[in-house]
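Engineer: Supplied in structure tokens, the structure appears directly below.
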Amino acid sequence: RMQLNESAIEYFDESHRIRLSELGPDHPHTIASRSQLGSAMAAAVVAERKGRIGGLVEAELRRLKRSKDVGDAKQMETYVPEAIARAAAKSTSGGSKLTRRRWEAAEEHLRGALETAVENPRGESVGPLVFM
């Protein structure tokens with residue numbers, strides 16, 4: 001899954017660069033490709049974080065199983081919320097600088113695409129609704 005996200009980022013980045021040079025920054029296709037690039041980057045960060053949290057939850061469950069001397073899977077279910085809480089606490093404190101930079105880059109592309117689209121609307125103009 002991560003490889004698909006990385007491939008998508010590469011393709012959307014190439015598409016955005018081509019459209020930027022050929023069509024300019026205000027063209028609707030350029031805006032769309034910038035938005036797609038930002039979305040793919042954000043999806044990669046979310047998938048990476050999800051995988052990391054899943055691994056942390058499993059590690060916490062193993063730790064709790066040893067410390068509480070639990071042998072039954074049914075009994076272990078009572079410790080799942082505690083394991084999730086511990087994993088979430090570790091996850092928020094241990095975010096990597098790379099992940100933060102990637103998220104900021106994704107946000108920059110998404111916000112930039114939105115701002116450009118709002119500042120330079122294209123397409124058919126729609127007049128105000130008239131109620132009879």
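A note on labels: chains of the structure tokens are A, B, ... as shown, every chain counts residues from 1, and ligands are counted from 1 in their shown order.
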Residues of range 4-27 of chain A that approach range 117-122 of chain A to 12 Å or less, counting only C-alpha atoms: could you list each one with the shortest pair of atoms and its distance in Å to one decimal, rows by chain and increasing residue number, as JSON lines?

Structural biologist:
{"residue": "A:Pro25", "atom": "CA", "partner": "A:Ala117", "partner_atom": "CA", "distance": 9.9}
{"residue": "A:Asp26", "atom": "CA", "partner": "A:Asn120", "partner_atom": "CA", "distance": 6.5}
{"residue": "A:His27", "atom": "CA", "partner": "A:Arg122", "partner_atom": "CA", "distance": 8.2}

Engineer: Could you write those residues out with N, CA and C atoms, as a tab-separated table (two decimals), in the first residue's frame?

Structural biologist:
chain	number	residue	atom	x	y	z
A	25	PRO	N	-0.02	28.43	-13.69
A	25	PRO	CA	-0.50	28.10	-12.35
A	25	PRO	C	-2.00	28.26	-12.14
A	26	ASP	N	-2.68	29.06	-12.99
A	26	ASP	CA	-4.09	29.34	-12.77
A	26	ASP	C	-5.03	28.45	-13.58
A	27	HIS	N	-4.49	27.59	-14.40
A	27	HIS	CA	-5.34	26.73	-15.24
A	27	HIS	C	-6.02	25.68	-14.38

Engineer: List every residue of chain A that DSSP, applied to the backbone of this structure, assigns to alpha helix (DSSP H), and report them as an MDAnalysis selection string.

Structural biologist: chainID A and resid 2:23 28:68 73:76 80:93 97:119

Engineer: Can you pull out the residues contacting range 107-112 of chain A? Cut-off 8 Å, using only C-alpha atoms, and skip same-chain residues under 5 positions away; I want them as a count of residues only.

Structural biologist: 6

Engineer: Figure out the distance between CA of Arg52 in chain A and CA of Asp13 in chain A, please, to one decimal in Å.

Structural biologist: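 According to the coordinates, CA of Asp13 in chain A and CA of Arg52 in chain A are separated by 25.5 Å.
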
Engineer: Quick one: residues within 10 Å of Thr30 in chain A, only C-alpha atoms counted, chain neighbours fewer than 4 positions away excluded, as a PDB file with all heavy atoms, in the first residue's frame?

Structural biologist:
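Everything below was put into around_17.pdb:
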ATOM      1  N   SER A  15       2.863  15.136 -13.167  1.00  0.00           N
ATOM      2  CA  SER A  15       1.718  15.740 -13.841  1.00  0.00           C
ATOM      3  C   SER A  15       1.598  17.220 -13.490  1.00  0.00           C
ATOM      4  O   SER A  15       1.382  18.064 -14.368  1.00  0.00           O
ATOM      5  CB  SER A  15       0.442  15.001 -13.419  1.00  0.00           C
ATOM      6  OG  SER A  15      -0.698  15.687 -13.847  1.00  0.00           O
ATOM      7  N   HIS A  16       1.770  17.526 -12.219  1.00  0.00           N
ATOM      8  CA  HIS A  16       1.672  18.928 -11.791  1.00  0.00           C
ATOM      9  C   HIS A  16       2.767  19.781 -12.431  1.00  0.00           C
ATOM     10  O   HIS A  16       2.494  20.888 -12.913  1.00  0.00           O
ATOM     11  CB  HIS A  16       1.728  19.020 -10.266  1.00  0.00           C
ATOM     12  CG  HIS A  16       1.711  20.421  -9.754  1.00  0.00           C
ATOM     13  ND1 HIS A  16       0.630  21.254  -9.899  1.00  0.00           N
ATOM     14  CD2 HIS A  16       2.657  21.148  -9.123  1.00  0.00           C
ATOM     15  CE1 HIS A  16       0.907  22.428  -9.376  1.00  0.00           C
ATOM     16  NE2 HIS A  16       2.137  22.392  -8.906  1.00  0.00           N
ATOM     17  N   ARG A  17       3.995  19.275 -12.437  1.00  0.00           N
ATOM     18  CA  ARG A  17       5.101  20.038 -13.031  1.00  0.00           C
ATOM     19  C   ARG A  17       4.868  20.289 -14.518  1.00  0.00           C
ATOM     20  O   ARG A  17       5.101  21.393 -15.022  1.00  0.00           O
ATOM     21  CB  ARG A  17       6.436  19.333 -12.800  1.00  0.00           C
ATOM     22  CG  ARG A  17       6.966  19.536 -11.387  1.00  0.00           C
ATOM     23  CD  ARG A  17       8.359  18.992 -11.164  1.00  0.00           C
ATOM     24  NE  ARG A  17       8.269  17.541 -10.959  1.00  0.00           N
ATOM     25  CZ  ARG A  17       8.855  16.625 -11.720  1.00  0.00           C
ATOM     26  NH1 ARG A  17       9.617  16.972 -12.712  1.00  0.00           N
ATOM     27  NH2 ARG A  17       8.710  15.339 -11.452  1.00  0.00           N
ATOM     28  N   ILE A  18       4.395  19.276 -15.238  1.00  0.00           N
ATOM     29  CA  ILE A  18       4.129  19.430 -16.679  1.00  0.00           C
ATOM     30  C   ILE A  18       3.023  20.458 -16.904  1.00  0.00           C
ATOM     31  O   ILE A  18       3.157  21.368 -17.723  1.00  0.00           O
ATOM     32  CB  ILE A  18       3.753  18.073 -17.318  1.00  0.00           C
ATOM     33  CG1 ILE A  18       4.969  17.156 -17.348  1.00  0.00           C
ATOM     34  CG2 ILE A  18       3.164  18.273 -18.711  1.00  0.00           C
ATOM     35  CD1 ILE A  18       4.649  15.706 -17.711  1.00  0.00           C
ATOM     36  N   ARG A  19       1.931  20.303 -16.158  1.00  0.00           N
ATOM     37  CA  ARG A  19       0.813  21.228 -16.347  1.00  0.00           C
ATOM     38  C   ARG A  19       1.176  22.647 -15.939  1.00  0.00           C
ATOM     39  O   ARG A  19       0.736  23.605 -16.564  1.00  0.00           O
ATOM     40  CB  ARG A  19      -0.405  20.730 -15.576  1.00  0.00           C
ATOM     41  CG  ARG A  19      -1.003  19.504 -16.217  1.00  0.00           C
ATOM     42  CD  ARG A  19      -2.133  18.936 -15.431  1.00  0.00           C
ATOM     43  NE  ARG A  19      -2.732  17.832 -16.175  1.00  0.00           N
ATOM     44  CZ  ARG A  19      -3.659  17.040 -15.690  1.00  0.00           C
ATOM     45  NH1 ARG A  19      -4.115  17.237 -14.459  1.00  0.00           N
ATOM     46  NH2 ARG A  19      -4.141  16.070 -16.413  1.00  0.00           N
ATOM     47  N   LEU A  20       1.991  22.768 -14.909  1.00  0.00           N
ATOM     48  CA  LEU A  20       2.432  24.093 -14.465  1.00  0.00           C
ATOM     49  C   LEU A  20       3.236  24.785 -15.560  1.00  0.00           C
ATOM     50  O   LEU A  20       3.002  25.956 -15.873  1.00  0.00           O
ATOM     51  CB  LEU A  20       3.262  23.953 -13.184  1.00  0.00           C
ATOM     52  CG  LEU A  20       3.655  25.229 -12.454  1.00  0.00           C
ATOM     53  CD1 LEU A  20       2.416  25.990 -12.010  1.00  0.00           C
ATOM     54  CD2 LEU A  20       4.508  24.880 -11.241  1.00  0.00           C
ATOM     55  N   SER A  21       4.142  24.044 -16.182  1.00  0.00           N
ATOM     56  CA  SER A  21       4.979  24.648 -17.227  1.00  0.00           C
ATOM     57  C   SER A  21       4.205  24.865 -18.536  1.00  0.00           C
ATOM     58  O   SER A  21       4.426  25.846 -19.230  1.00  0.00           O
ATOM     59  CB  SER A  21       6.222  23.805 -17.480  1.00  0.00           C
ATOM     60  OG  SER A  21       5.876  22.575 -18.056  1.00  0.00           O
ATOM     61  N   GLU A  22       3.281  23.976 -18.864  1.00  0.00           N
ATOM     62  CA  GLU A  22       2.560  24.078 -20.129  1.00  0.00           C
ATOM     63  C   GLU A  22       1.320  24.969 -20.050  1.00  0.00           C
ATOM     64  O   GLU A  22       0.998  25.670 -21.006  1.00  0.00           O
ATOM     65  CB  GLU A  22       2.127  22.676 -20.608  1.00  0.00           C
ATOM     66  CG  GLU A  22       3.271  21.753 -20.936  1.00  0.00           C
ATOM     67  CD  GLU A  22       4.035  22.193 -22.177  1.00  0.00           C
ATOM     68  OE1 GLU A  22       3.413  22.681 -23.135  1.00  0.00           O
ATOM     69  OE2 GLU A  22       5.270  22.037 -22.188  1.00  0.00           O
ATOM     70  N   LEU A  23       0.619  24.929 -18.912  1.00  0.00           N
ATOM     71  CA  LEU A  23      -0.666  25.624 -18.824  1.00  0.00           C
ATOM     72  C   LEU A  23      -0.655  26.834 -17.895  1.00  0.00           C
ATOM     73  O   LEU A  23      -1.541  27.666 -17.952  1.00  0.00           O
ATOM     74  CB  LEU A  23      -1.749  24.641 -18.346  1.00  0.00           C
ATOM     75  CG  LEU A  23      -1.940  23.385 -19.180  1.00  0.00           C
ATOM     76  CD1 LEU A  23      -2.903  22.424 -18.497  1.00  0.00           C
ATOM     77  CD2 LEU A  23      -2.431  23.744 -20.578  1.00  0.00           C
ATOM     78  N   GLY A  24       0.328  26.879 -16.995  1.00  0.00           N
ATOM     79  CA  GLY A  24       0.387  27.987 -16.040  1.00  0.00           C
ATOM     80  C   GLY A  24      -0.295  27.631 -14.725  1.00  0.00           C
ATOM     81  O   GLY A  24      -1.055  26.666 -14.639  1.00  0.00           O
ATOM     82  N   PRO A  25      -0.021  28.434 -13.689  1.00  0.00           N
ATOM     83  CA  PRO A  25      -0.499  28.096 -12.352  1.00  0.00           C
ATOM     84  C   PRO A  25      -2.002  28.259 -12.144  1.00  0.00           C
ATOM     85  O   PRO A  25      -2.571  27.656 -11.234  1.00  0.00           O
ATOM     86  CB  PRO A  25       0.264  29.065 -11.447  1.00  0.00           C
ATOM     87  CG  PRO A  25       0.585  30.221 -12.320  1.00  0.00           C
ATOM     88  CD  PRO A  25       0.791  29.646 -13.696  1.00  0.00           C
ATOM     89  N   ASP A  26      -2.675  29.060 -12.987  1.00  0.00           N
ATOM     90  CA  ASP A  26      -4.094  29.341 -12.770  1.00  0.00           C
ATOM     91  C   ASP A  26      -5.034  28.453 -13.576  1.00  0.00           C
ATOM     92  O   ASP A  26      -6.256  28.582 -13.454  1.00  0.00           O
ATOM     93  CB  ASP A  26      -4.388  30.811 -13.097  1.00  0.00           C
ATOM     94  CG  ASP A  26      -3.603  31.757 -12.206  1.00  0.00           C
ATOM     95  OD1 ASP A  26      -3.260  31.389 -11.073  1.00  0.00           O
ATOM     96  OD2 ASP A  26      -3.332  32.871 -12.673  1.00  0.00           O
ATOM     97  N   ARG A  34      -2.438  19.801  -8.713  1.00  0.00           N
ATOM     98  CA  ARG A  34      -1.823  20.193  -7.444  1.00  0.00           C
ATOM     99  C   ARG A  34      -2.632  19.631  -6.278  1.00  0.00           C
ATOM    100  O   ARG A  34      -2.077  19.159  -5.287  1.00  0.00           O
ATOM    101  CB  ARG A  34      -1.731  21.712  -7.339  1.00  0.00           C
ATOM    102  CG  ARG A  34      -0.996  22.156  -6.095  1.00  0.00           C
ATOM    103  CD  ARG A  34      -0.731  23.635  -6.062  1.00  0.00           C
ATOM    104  NE  ARG A  34       0.135  23.937  -4.928  1.00  0.00           N
ATOM    105  CZ  ARG A  34       0.407  25.140  -4.517  1.00  0.00           C
ATOM    106  NH1 ARG A  34      -0.084  26.187  -5.166  1.00  0.00           N
ATOM    107  NH2 ARG A  34       1.175  25.339  -3.480  1.00  0.00           N
ATOM    108  N   SER A  35      -3.940  19.680  -6.402  1.00  0.00           N
ATOM    109  CA  SER A  35      -4.811  19.122  -5.368  1.00  0.00           C
ATOM    110  C   SER A  35      -4.628  17.608  -5.252  1.00  0.00           C
ATOM    111  O   SER A  35      -4.558  17.057  -4.147  1.00  0.00           O
ATOM    112  CB  SER A  35      -6.272  19.453  -5.687  1.00  0.00           C
ATOM    113  OG  SER A  35      -7.123  18.907  -4.724  1.00  0.00           O
ATOM    114  N   GLN A  36      -4.519  16.929  -6.385  1.00  0.00           N
ATOM    115  CA  GLN A  36      -4.300  15.481  -6.380  1.00  0.00           C
ATOM    116  C   GLN A  36      -2.965  15.133  -5.738  1.00  0.00           C
ATOM    117  O   GLN A  36      -2.868  14.167  -4.976  1.00  0.00           O
ATOM    118  CB  GLN A  36      -4.368  14.928  -7.801  1.00  0.00           C
ATOM    119  CG  GLN A  36      -5.753  14.982  -8.390  1.00  0.00           C
ATOM    120  CD  GLN A  36      -5.755  14.774  -9.890  1.00  0.00           C
ATOM    121  OE1 GLN A  36      -4.763  15.018 -10.569  1.00  0.00           O
ATOM    122  NE2 GLN A  36      -6.891  14.334 -10.419  1.00  0.00           N
ATOM    123  N   ALA A 113      -3.866  24.998  -3.886  1.00  0.00           N
ATOM    124  CA  ALA A 113      -4.835  24.676  -4.943  1.00  0.00           C
ATOM    125  C   ALA A 113      -6.176  25.343  -4.656  1.00  0.00           C
ATOM    126  O   ALA A 113      -6.806  25.915  -5.558  1.00  0.00           O
ATOM    127  CB  ALA A 113      -5.004  23.161  -5.058  1.00  0.00           C
ATOM    128  N   THR A 116      -5.867  29.211  -5.167  1.00  0.00           N
ATOM    129  CA  THR A 116      -5.787  29.548  -6.587  1.00  0.00           C
ATOM    130  C   THR A 116      -7.140  29.384  -7.255  1.00  0.00           C
ATOM    131  O   THR A 116      -7.549  30.221  -8.062  1.00  0.00           O
ATOM    132  CB  THR A 116      -4.727  28.677  -7.297  1.00  0.00           C
ATOM    133  OG1 THR A 116      -3.482  28.822  -6.618  1.00  0.00           O
ATOM    134  CG2 THR A 116      -4.562  29.080  -8.754  1.00  0.00           C
ATOM    135  N   ALA A 117      -7.852  28.320  -6.908  1.00  0.00           N
ATOM    136  CA  ALA A 117      -9.168  28.082  -7.501  1.00  0.00           C
ATOM    137  C   ALA A 117     -10.155  29.170  -7.099  1.00  0.00           C
ATOM    138  O   ALA A 117     -10.965  29.620  -7.917  1.00  0.00           O
ATOM    139  CB  ALA A 117      -9.690  26.713  -7.083  1.00  0.00           C
TER     140      ALA A 117
END

Engineer: Measuring atom to atom with only C-alpha atoms, identify which of A:Thr78, A:Ala106, A:Ala88, A:Glu10 is nearest to Met41 in chain A.

Structural biologist: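 For Met41 in chain A, the nearest of the candidates is A:Ala106.
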
Engineer: How far is it from CA of Lys90 in chain A to CA of Glu58 in chain A, in Å with one decimal?

Structural biologist: 12.8 Å

Engineer: I'd like the contact shell of Glu77 in chain A - 12 Å cut-off, only C-alpha atoms, skipping same-chain residues fewer than 6 positions apart - returned as number ranges by chain.

Structural biologist: A: 61, 64-65, 70-71, 83-84

Engineer: Take the residues just selected and output them with C-alpha atoms as a compact mmCIF listing (two decimals), in the first residue's frame.

Structural biologist:
# COMPACT_ATOMS: atom_id res chain seq x y z
CA LEU A 61 -0.78 -5.53 24.21
CA LEU A 64 0.32 -5.86 29.15
CA LYS A 65 -0.09 -9.59 28.55
CA VAL A 70 -3.00 -13.00 30.94
CA GLY A 71 -3.39 -16.30 29.11
CA ALA A 83 -3.12 -0.47 25.04
CA ILE A 84 -4.68 1.92 22.53

Engineer: Have a look at CA of Ile9 in chain A and CA of Val45 in chain A and let me know their distance in Å, one decimal.

Structural biologist: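 Computing it gives 11.4 Å between the two atoms.
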
Engineer: Pick the closest to Glu115 in chain A from A:Ala87, A:Ile31, A:Arg63, A:Ile53: which is it, counting only C-alpha atoms?

Structural biologist: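 Using only C-alpha atoms, Glu115 in chain A sits closest to A:Ile31.
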
Engineer: Show which residues sit within 10 Å of Glu60 in chain A, as a ChimeraX atom specification. Count only C-alpha atoms, and ignore same-chain residues fewer than 6 positions away.

Structural biologist: /A:54,66,79-80,82-87
